[in-house]
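One file, input-v2.txt, is given below (compact mmCIF, C-alpha atoms and all ligand atoms).
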```txt
# COMPACT_ATOMS: atom_id res chain seq x y z
CA MET A 1 71.77 144.24 75.39
CA GLN A 2 72.14 145.02 79.08
CA ALA A 3 75.48 145.49 80.85
CA PRO A 4 76.36 142.44 82.97
CA ARG A 5 75.02 142.90 86.46
CA ILE A 6 74.90 140.94 89.71
CA ASP A 7 72.39 141.62 92.49
CA ARG A 8 72.54 140.15 95.98
CA LEU A 9 69.29 138.67 97.33
CA HIS A 10 68.93 138.28 101.08
CA LEU A 11 66.86 135.13 101.55
CA ALA A 12 67.15 134.34 105.24
CA SER A 13 68.62 135.14 108.62
CA LEU A 14 69.33 132.03 110.67
CA THR A 15 70.85 131.32 114.06
CA ALA A 16 73.26 128.39 114.31
CA PRO A 17 71.71 125.85 116.70
CA ALA A 18 73.34 124.17 119.69
CA GLY A 19 75.76 121.50 118.47
CA HIS A 20 76.62 123.52 115.33
CA PRO A 21 80.34 124.48 115.15
CA SER A 22 79.36 128.15 115.55
CA ALA A 23 76.34 127.72 117.84
CA GLY A 24 74.44 130.94 118.47
CA ALA A 25 76.04 132.84 115.58
CA ALA A 26 73.93 134.61 112.98
CA ILE A 27 73.97 133.04 109.52
CA GLU A 28 72.85 135.24 106.66
CA VAL A 29 71.76 133.44 103.50
CA PHE A 30 72.27 135.16 100.15
CA ALA A 31 71.50 134.17 96.58
CA TYR A 32 72.64 136.09 93.50
CA LEU A 33 70.80 137.25 90.44
CA VAL A 34 73.04 137.47 87.39
CA ARG A 35 72.02 139.35 84.27
CA HIS A 36 74.34 138.82 81.32
CA GLY A 37 73.47 139.44 77.67
CA ASP A 38 69.97 138.09 77.18
CA LEU A 39 70.20 135.68 80.09
CA THR A 40 68.98 135.96 83.66
CA LEU A 41 70.44 133.42 86.06
CA LEU A 42 69.82 132.70 89.69
CA VAL A 43 72.65 131.26 91.79
CA ASP A 44 71.15 129.32 94.73
CA THR A 45 67.56 129.20 95.87
CA GLY A 46 67.75 129.52 99.67
CA MET A 47 65.99 127.24 102.11
CA GLY A 48 62.58 125.79 101.40
CA ASP A 49 59.43 127.08 103.05
CA ASP A 50 57.97 123.76 104.12
CA SER A 51 60.23 122.57 106.91
CA GLY A 52 58.87 123.59 110.28
CA PHE A 53 61.68 121.52 111.78
CA LEU A 54 64.52 123.53 110.17
CA ASP A 55 62.69 126.84 110.63
CA LYS A 56 62.52 126.14 114.33
CA LEU A 57 66.01 124.64 114.69
CA TYR A 58 67.61 127.64 112.97
CA ALA A 59 65.11 130.27 114.19
CA ALA A 60 64.70 131.10 110.50
CA LYS A 61 63.47 134.45 109.26
CA ARG A 62 62.96 133.86 105.56
CA THR A 63 62.17 136.14 102.63
CA GLY A 64 60.37 134.37 99.80
CA LEU A 65 62.26 134.14 96.52
CA ALA A 66 59.47 135.82 94.58
CA THR A 67 59.62 138.80 96.97
CA ALA A 68 63.41 139.01 96.87
CA LEU A 69 63.41 138.84 93.06
CA LYS A 70 60.69 141.49 92.77
CA ALA A 71 62.91 143.86 94.73
CA VAL A 72 65.45 143.73 91.89
CA GLY A 73 62.83 143.91 89.16
CA VAL A 74 62.57 140.25 88.19
CA ASN A 75 59.80 137.66 88.30
CA ILE A 76 60.22 133.93 88.89
CA GLU A 77 59.25 133.34 85.22
CA ASP A 78 62.09 135.59 84.02
CA ILE A 79 64.77 133.21 85.30
CA ASP A 80 66.37 131.37 82.36
CA ALA A 81 68.59 129.06 84.40
CA VAL A 82 69.31 128.22 88.02
CA VAL A 83 72.67 127.22 89.48
CA ASN A 84 73.03 125.37 92.78
CA SER A 85 76.48 126.13 94.18
CA HIS A 86 76.00 123.04 96.33
CA LEU A 87 73.11 121.13 97.84
CA HIS A 88 73.07 122.00 101.53
CA PHE A 89 69.56 122.92 102.65
CA ASP A 90 70.12 126.68 102.54
CA HIS A 91 71.12 126.63 98.85
CA CYS A 92 68.55 124.46 97.06
CA GLY A 93 65.27 124.85 98.97
CA GLY A 94 63.54 126.90 96.27
CA ASN A 95 64.39 124.63 93.32
CA ARG A 96 60.76 123.56 93.02
CA LEU A 97 59.78 127.11 92.01
CA PHE A 98 61.62 126.76 88.69
CA PRO A 99 59.94 124.11 86.51
CA ASP A 100 60.77 126.08 83.35
CA ALA A 101 64.49 126.70 83.91
CA PRO A 102 67.27 124.10 83.85
CA ILE A 103 68.90 123.69 87.26
CA TYR A 104 72.67 123.24 87.03
CA MET A 105 74.41 121.14 89.63
CA GLN A 106 77.61 119.11 89.71
CA ALA A 107 77.12 115.36 89.30
CA ARG A 108 79.52 114.78 92.18
CA GLU A 109 77.47 117.05 94.40
CA ARG A 110 74.26 115.26 93.59
CA GLU A 111 75.94 112.00 94.42
CA ALA A 112 77.27 113.37 97.72
CA ALA A 113 73.85 114.74 98.60
CA ARG A 114 72.43 111.21 98.73
CA ALA A 115 74.23 110.71 102.07
CA LEU A 116 72.07 110.71 105.15
CA HIS A 117 71.46 114.16 106.70
CA TYR A 118 73.33 115.93 103.89
CA THR A 119 70.33 118.00 102.83
CA VAL A 120 66.55 117.94 102.57
CA GLU A 121 66.32 115.32 99.86
CA ASN A 122 63.09 116.43 98.27
CA TRP A 123 64.30 120.01 97.86
CA VAL A 124 67.06 119.00 95.42
CA ALA A 125 65.12 117.62 92.47
CA PRO A 126 61.38 117.85 93.11
CA GLU A 127 58.99 116.55 90.49
CA GLY A 128 58.64 118.79 87.45
CA VAL A 129 62.09 120.39 87.47
CA THR A 130 64.84 119.79 84.94
CA ILE A 131 68.19 118.98 86.48
CA ARG A 132 71.26 119.53 84.38
CA GLU A 133 74.14 117.60 85.91
CA VAL A 134 77.58 118.75 84.85
CA ASP A 135 80.98 117.29 85.52
CA GLY A 136 83.63 119.91 86.26
CA ASP A 137 83.87 123.31 84.55
CA HIS A 138 81.04 124.01 82.14
CA GLN A 139 80.18 126.93 79.90
CA ILE A 140 76.48 127.80 80.20
CA ALA A 141 76.78 130.52 77.55
CA PRO A 142 79.59 132.74 76.29
CA GLY A 143 80.84 134.71 79.29
CA LEU A 144 79.01 132.55 81.82
CA THR A 145 81.02 129.59 83.07
CA LEU A 146 80.56 127.22 85.97
CA LEU A 147 83.83 126.59 87.77
CA PHE A 148 84.25 123.39 89.73
CA THR A 149 85.42 124.53 93.20
CA PRO A 150 85.16 121.53 95.54
CA GLY A 151 86.12 121.78 99.18
CA HIS A 152 83.23 123.05 101.25
CA THR A 153 81.39 120.10 99.70
CA PRO A 154 82.57 117.41 97.24
CA GLY A 155 80.87 119.09 94.27
CA HIS A 156 80.78 122.79 95.05
CA GLN A 157 80.76 125.14 92.06
CA SER A 158 81.13 128.87 91.47
CA LEU A 159 80.06 131.06 88.55
CA LEU A 160 82.41 133.16 86.45
CA VAL A 161 80.77 136.15 84.79
CA GLU A 162 82.85 137.90 82.16
CA THR A 163 82.29 141.58 81.51
CA PRO A 164 84.01 144.15 79.28
CA ASN A 165 85.85 145.40 82.39
CA GLY A 166 87.10 142.17 83.87
CA SER A 167 85.37 139.22 85.40
CA LEU A 168 82.98 138.94 88.32
CA MET A 169 82.47 135.78 90.31
CA VAL A 170 79.77 134.32 92.42
CA GLY A 171 82.16 132.36 94.60
CA ALA A 172 79.18 131.21 96.70
CA GLN A 173 80.50 129.14 99.59
CA VAL A 174 83.98 128.56 98.19
CA ALA A 175 84.84 130.48 101.40
CA TYR A 176 82.51 131.49 104.21
CA THR A 177 83.57 135.14 104.29
CA ALA A 178 85.51 137.58 102.13
CA ALA A 179 88.12 137.89 104.88
CA GLU A 180 88.59 134.14 104.99
CA PHE A 181 88.89 134.06 101.20
CA GLU A 182 91.58 136.75 101.44
CA ALA A 183 93.45 134.71 104.06
CA GLY A 184 93.44 131.60 101.87
CA GLY A 185 90.72 129.53 103.53
CA ASP A 186 90.00 128.06 106.95
CA VAL A 187 90.02 124.27 106.60
CA ALA A 188 87.38 124.06 109.35
CA GLU A 189 84.91 125.19 106.65
CA ALA A 190 85.83 122.23 104.42
CA HIS A 191 84.01 118.95 104.00
CA GLU A 192 85.67 116.17 105.96
CA GLY A 193 89.09 115.36 104.52
CA MET A 194 88.90 118.13 101.88
CA GLY A 195 90.89 120.90 103.57
CA GLU A 196 93.59 121.02 100.93
CA THR A 197 91.08 120.92 98.12
CA TYR A 198 89.17 123.75 99.79
CA ARG A 199 92.24 125.97 99.90
CA ALA A 200 93.18 125.02 96.33
CA SER A 201 89.75 126.08 95.04
CA ILE A 202 90.15 129.50 96.68
CA GLU A 203 93.61 129.80 95.16
CA ARG A 204 92.24 128.89 91.77
CA LEU A 205 89.58 131.59 91.83
CA LYS A 206 92.15 134.18 92.90
CA SER A 207 94.46 133.12 90.07
CA LEU A 208 91.74 134.13 87.59
CA ALA A 209 92.07 137.70 88.92
CA PRO A 210 88.38 138.51 89.31
CA ARG A 211 87.38 142.12 89.84
CA CYS A 212 84.88 141.11 92.49
CA VAL A 213 83.84 137.90 94.27
CA PHE A 214 80.45 137.45 95.98
CA PHE A 215 79.71 135.00 98.81
CA SER A 216 76.70 133.03 100.07
CA HIS A 217 77.01 133.99 103.72
CA ASP A 218 78.82 137.32 103.73
CA ARG A 219 77.51 140.58 102.34
CA ARG A 220 81.06 141.84 101.98
CA GLU A 221 82.75 141.28 98.66
CA TRP A 222 86.34 140.46 97.81
CA PRO A 223 88.61 142.34 97.51
CA GLY A 224 86.18 144.81 99.17
ZN ZN A 301 75.54 127.56 103.10
```

As structure tokens, what does this structure read like?
Ligand SMILES: [Zn+2]
Amino acid sequence: MQAPRIDRLHLASLTAPAGHPSAGAAIEVFAYLVRHGDLTLLVDTGMGDDSGFLDKLYAAKRTGLATALKAVGVNIEDIDAVVNSHLHFDHCGGNRLFPDAPIYMQAREREAARALHYTVENWVAPEGVTIREVDGDHQIAPGLTLLFTPGHTPGHQSLLVETPNGSLMVGAQVAYTAAEFEAGGDVAEAHEGMGETYRASIERLKSLAPRCVFFSHDRREWPG
């Protein structure tokens, strides 16, 4: 049995386009590989490779998932389960690569993602994949628990990974950066009308006293 381990995968460098709240800023896109007991999980799948429109709009420099996984010693086929923290285009684009692993997403998130311009619709649940919709917190296996952390989106979720020396968390986009997480959350990062919920989700993760929290768009960890 291997010691629990989390590896950061850098899947893309983007540039926020004109009209984006942080136009011109660099956006780094990370996914996380979680090895725990006999299970290998992937949290988020980056942006898809078939949208010339988004590639151009965001000046995307992408690394394929297979390449990023290889770098940490894993093949696509080794992934036992996939978690989508939420369904924005930079978090679910590689779902189609995992026909043999259940893909966990919150039911509320899937519902929200049906709104116009929320995501690239056919990246969420392409033919051949198995979607596992969950409603709130959900234990995937002992020591691996999805935590419902809405705010950035209506159905955002994080992953709690218990280890013999305290817990680790893939917070994902519960906050945009580690510094913002530390400060309690900038409501500008929240889905419309969900500012309070956003801050409450950050508070909730902190209250669980994790040893380390990892983020989707910041290579720094909390508490650092
Ligand atoms: Zn994102």

message: Show me which residues are within 12 Å of ligand ZN 301 (chain A) counting all atoms listed in the file, and format the list as a ChimeraX atom specification.
response: /A:11-14,16,27-31,44-47,84-93,118-119,152-153,156,171-177,189-190,215-218

One-decimal distance in Å that lies between CA of Thr40 in chain A and CA of Thr163 in chain A: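 Computed distance, CA of Thr163 in chain A to CA of Thr40 in chain A, equals 14.6 Å.
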
message: Counting all atoms listed in the file, find residues at most 12 Å from (90.7, 137.0, 87.1) (file frame) and give them as a PyMOL selection string.
response: chain A and resi 160-163+165-169+203-213+223

- prompt: Expressed in Å to a single decimal, how great is the separation between CA of Val82 in chain A and CA of Leu42 in chain A?
  reply: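 Pair CA of Val82 in chain A / CA of Leu42 in chain A returns 4.8 Å.
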
query: Residues at most 10 Å from Val129 in chain A, counting all atoms listed in the file, excluding those fewer than 4 positions away in the same chain, as a PyMOL selection string?
result: chain A and resi 95-103+124-125

- prompt: Quick one: of A:Ala71, A:Ile76, A:Ala112, A:Met105, who's nearest to Asp137 in chain A, counting all atoms listed in the file?
  reply: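 Of A:Ala71, A:Ile76, A:Ala112, A:Met105, the one nearest Asp137 in chain A, counting all atoms listed in the file, is A:Met105.
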
task: Considering all atoms listed in the file, return as a list of chain:residue names whatever protein or nucleic-acid residues lie within 10 Å of His36 in chain A, sequence-local ones (same chain, fewer than 6 positions apart) excluded.
output: A:Met1, A:Gln2, A:Ala3, A:Pro4, A:Arg5, A:Ile6, A:Ala141, A:Pro142, A:Gly143, A:Leu144, A:Val161, A:Glu162, A:Thr163
